[in-house]
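Written below as structure tokens is the structure these notes are about.
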Amino acid sequence: MPVRVGVVVFPGSNCDRDTVHALALADAEPVVLWHEQASLEGVAAVVLPGGFAYGDYLRAGVIARFSPIMRAVSAFAADGGLVLGICNGFQVLAEAGLVPGALLRNESLRFAGREVAIAAERADTAFTHALERRRPLRMPVAHGEGCFYADEATLDALERDGQVLFRYVDATGTDAQPGNPANPNGSLRAICGVMNAGGNVAGLMPHPERAAEAILGSDDGMGIVRSLVDSALQAAAGTAPREAVAR
Amino acid sequence: MTSFRFAVNVTPKPGILDPQGRAVQGSLGHLGISGVSAVRVGRRVELTVDAADGPAARDVVDQLARELLSNPLIETYDLEPIGAASSAIGVAVQEG
């Protein structure tokens, strides 16, 4: 039986259908969850998709954070449940304090909508175990506020504790630091994906669900989707490392 | 209950990259203005709150500012009484 994976829909979400499609490609049963509901309907994992939840008013993600579904997501996450936030979903998780850091306005002040290359720092987590460590993956970014920020002490701690999940890389596979054109927004230390200390909540700015089939130009995103679905299957079976414990 | 009117001024923390401030500053040359530096762009939210007294009103606004209007990782805020929505202008200003 396919594992049930929730996709939260906020008013203004616009990547929910792509996410549903990618999850189905990975043999999961996607379950659409409306922002006003307080139940996660027993899903084994939750994805917060991209978009402009609540118009991104005030700050991207902040108003969504106070929706009924996010109370349920927070409780689920606290219990070790798997949560992945993509783009706007990452902004929601950061505003909710479920993943570290903040997403600032792009350094260029321009909306960044293009393909980038990213590399997984770890291939032993619930979100990346189907990937090869540091192998560049091509997928799009589409955001105006994606500049990852945390203070220096926090950045050091994230690196030390293995909470940096993905980085932007350039054509040579080297980390694309701020100022490098391969870094689309000025993200500090080239970071585009992080996870919480428990290893069960992750956010990333690029869109794996938009790189889910070769006809889209890349299917590199499916490694992330498949990792999540496989981890959800194990969690549902109760056998599993829901949590990839941080180093 | 009395109505109190406040402004919450939210600004990027010192040291946080503020590309909007930098863009504004970069445009000043086009106006023929020089000698302006350290431009920071923030956000001002004005609101009215009903409360028993000034301190109670301020507590509500402070919570709102801390939990919603600002992100403490990247922003700071201050509260500014800007006169009351009803007859209690003096009270609100006094509490400031």
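Labels used: A, B, ... for chains in the order of the structure tokens, numbers from 1 for residues in each chain, and numbers from 1 for ligands as shown.
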
Give as a compact mmCIF listing (two decimals) with N, CA and C atoms, in the first residue's frame every residue of chain B that touches chain A within 8 Å, counting only C-alpha atoms.
# COMPACT_ATOMS: atom_id res chain seq x y z
N LEU B 17 22.47 42.23 6.24
CA LEU B 17 22.45 42.75 4.88
C LEU B 17 21.08 43.38 4.60
N ASP B 18 21.07 44.63 4.15
CA ASP B 18 19.81 45.30 3.83
C ASP B 18 19.88 45.82 2.39
N PRO B 19 19.58 44.93 1.43
CA PRO B 19 19.74 45.34 0.02
C PRO B 19 18.82 46.50 -0.36
N GLN B 20 17.67 46.62 0.31
CA GLN B 20 16.79 47.75 0.01
C GLN B 20 17.44 49.07 0.42
N LEU B 68 4.91 38.54 15.92
CA LEU B 68 4.38 38.59 14.55
C LEU B 68 5.06 39.65 13.68
N LEU B 69 5.10 40.88 14.19
CA LEU B 69 5.52 41.98 13.32
C LEU B 69 7.01 42.00 13.05
N ASN B 71 10.84 39.61 13.15
CA ASN B 71 11.52 38.33 13.31
C ASN B 71 12.78 38.61 14.11
N LEU B 73 15.37 37.16 14.82
CA LEU B 73 16.67 36.75 14.28
C LEU B 73 17.30 37.85 13.44
N ILE B 74 16.46 38.64 12.80
CA ILE B 74 16.99 39.58 11.80
C ILE B 74 16.54 41.02 12.00

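When the distance limit is 12 Å and only C-alpha atoms are what count, the residues near Gln37 of chain A, minus those fewer than 3 positions from it on the same chain, are Val8, Val9, Phe10, Val32, Leu33, Trp34, Leu40, Glu41, Ser67, Pro68, Ile69, Met70, Arg71, Ala72 and Val73 of chain A.
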
Write down as an NGL selection string the residues belonging to segment 17-81 of chain B that are assigned alpha helix (DSSP H) by DSSP computed on the backbone. :B and (19-27 or 54-64)

What is the atom CA of Gly221 of chain A to atom CA of Tyr57 of chain A distance in Å? 28.8 Å

I need the residue nearest Cys15 of chain A from this list: A:Ile86, A:Val43, A:Val169, A:Val225. Use only C-alpha atoms for the distance. A:Ile86

Record the distance separating atom CA of Leu84 of chain A and atom CA of Phe148 of chain A, expressed in Å with one decimal.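 Distance reported for this atom pair: 16.5 Å.
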
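Across the model, the gap from atom CA of Ala182 of chain A to atom CA of Arg110 of chain A is 14.6 Å.
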
Polymer residues at most 6 Å from Val99 of chain A, only C-alpha atoms, same-chain spacing of 5 or more positions, as an MDAnalysis selection string: chainID A and resid 93:94 195:196

Using only C-alpha atoms, which residue out of B:Met1, B:Leu64, B:Leu28, B:Ala23 lies closest to Glu46 of chain B?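 For Glu46 of chain B, the nearest of the candidates is B:Leu64.
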
Neighbouring residues of Gly223 of chain A were defined as those with any atom within 12 Å, considering only C-alpha atoms; residues of the same chain fewer than 3 positions away were excluded. Please report them as number ranges by chain. A: 22-23, 25-26, 119-120, 123, 126-133, 135-139, 208-209, 211-213, 218-220, 226-230

Restricting it to N, CA and C atoms, dump the selection as a short mmCIF file (atom, residue, chain, number, x, y, z; two decimals), in the first residue's frame.
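The resulting file, selection_20.cif, is reproduced below:
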data_model
loop_
_atom_site.label_atom_id
_atom_site.label_comp_id
_atom_site.auth_asym_id
_atom_site.auth_seq_id
_atom_site.Cartn_x
_atom_site.Cartn_y
_atom_site.Cartn_z
N ALA A 22 4.78 14.95 -8.13
CA ALA A 22 6.10 14.35 -7.86
C ALA A 22 5.99 13.23 -6.83
N LEU A 23 5.16 13.44 -5.81
CA LEU A 23 4.99 12.40 -4.79
C LEU A 23 4.36 11.15 -5.41
N LEU A 25 4.67 10.23 -8.50
CA LEU A 25 5.73 9.59 -9.30
C LEU A 25 6.62 8.71 -8.43
N ALA A 26 6.75 9.11 -7.17
CA ALA A 26 7.58 8.34 -6.24
C ALA A 26 6.76 7.27 -5.52
N ALA A 119 24.20 20.85 -4.15
CA ALA A 119 24.82 19.58 -3.77
C ALA A 119 24.43 19.25 -2.34
N ALA A 120 24.14 17.98 -2.11
CA ALA A 120 23.79 17.53 -0.77
C ALA A 120 25.06 17.41 0.07
N ALA A 123 24.30 12.47 2.73
CA ALA A 123 23.47 11.51 2.01
C ALA A 123 23.00 10.42 2.97
N ALA A 126 17.00 11.53 6.31
CA ALA A 126 15.68 11.12 5.85
C ALA A 126 15.32 11.76 4.51
N PHE A 127 15.97 12.88 4.18
CA PHE A 127 15.60 13.65 2.99
C PHE A 127 16.59 13.46 1.84
N THR A 128 17.71 12.79 2.11
CA THR A 128 18.78 12.75 1.10
C THR A 128 19.42 11.37 0.92
N HIS A 129 18.86 10.34 1.53
CA HIS A 129 19.60 9.06 1.53
C HIS A 129 19.64 8.41 0.15
N ALA A 130 18.78 8.88 -0.80
CA ALA A 130 18.85 8.33 -2.16
C ALA A 130 19.83 9.10 -3.04
N LEU A 131 20.48 10.11 -2.45
CA LEU A 131 21.40 10.94 -3.22
C LEU A 131 22.84 10.52 -3.00
N GLU A 132 23.69 11.05 -3.86
CA GLU A 132 25.11 10.85 -3.69
C GLU A 132 25.66 12.15 -3.12
N ARG A 133 26.45 12.05 -2.07
CA ARG A 133 26.96 13.25 -1.42
C ARG A 133 27.79 14.10 -2.39
N ARG A 135 27.21 15.38 -5.17
CA ARG A 135 27.00 15.32 -6.62
C ARG A 135 26.03 16.44 -7.01
N PRO A 136 26.41 17.32 -7.96
CA PRO A 136 25.52 18.44 -8.30
C PRO A 136 24.19 17.97 -8.86
N LEU A 137 23.12 18.63 -8.40
CA LEU A 137 21.76 18.36 -8.87
C LEU A 137 21.23 19.63 -9.51
N ARG A 138 20.59 19.50 -10.66
CA ARG A 138 20.04 20.68 -11.33
C ARG A 138 18.55 20.79 -11.05
N MET A 139 18.15 21.95 -10.58
CA MET A 139 16.71 22.20 -10.38
C MET A 139 16.48 23.70 -10.28
N PRO A 208 12.68 20.76 -5.91
CA PRO A 208 12.85 19.40 -6.45
C PRO A 208 11.63 18.93 -7.24
N GLU A 209 10.42 19.40 -6.85
CA GLU A 209 9.21 18.93 -7.54
C GLU A 209 9.11 19.50 -8.96
N ALA A 211 11.70 19.52 -10.84
CA ALA A 211 12.75 18.80 -11.56
C ALA A 211 12.49 17.31 -11.34
N ALA A 212 11.24 16.92 -11.69
CA ALA A 212 10.79 15.57 -11.34
C ALA A 212 10.72 14.64 -12.54
N GLU A 213 10.89 15.18 -13.75
CA GLU A 213 10.82 14.36 -14.95
C GLU A 213 11.78 14.93 -15.98
N SER A 218 15.06 18.32 -16.12
CA SER A 218 15.87 17.63 -15.11
C SER A 218 14.96 16.77 -14.26
N ASP A 219 15.45 15.61 -13.89
CA ASP A 219 14.71 14.81 -12.90
C ASP A 219 15.56 14.62 -11.63
N ASP A 220 16.51 15.54 -11.47
CA ASP A 220 17.40 15.44 -10.31
C ASP A 220 16.66 15.60 -8.98
N ARG A 226 12.12 10.91 -3.53
CA ARG A 226 12.15 9.47 -3.23
C ARG A 226 12.71 9.21 -1.83
N SER A 227 13.70 10.00 -1.43
CA SER A 227 14.25 9.85 -0.08
C SER A 227 13.15 10.07 0.96
N LEU A 228 12.38 11.15 0.74
CA LEU A 228 11.31 11.48 1.69
C LEU A 228 10.26 10.38 1.72
N VAL A 229 9.83 9.93 0.54
CA VAL A 229 8.76 8.91 0.48
C VAL A 229 9.24 7.62 1.13
N ASP A 230 10.47 7.24 0.85
CA ASP A 230 11.02 6.03 1.44
C ASP A 230 11.10 6.14 2.97
#

Nearest to Phe111 of chain A, chosen from A:Ala142, A:Leu98, A:Leu48, A:Pro30, with only C-alpha atoms counted in the distances: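 So, comparing all the options, the nearest one is A:Ala142.
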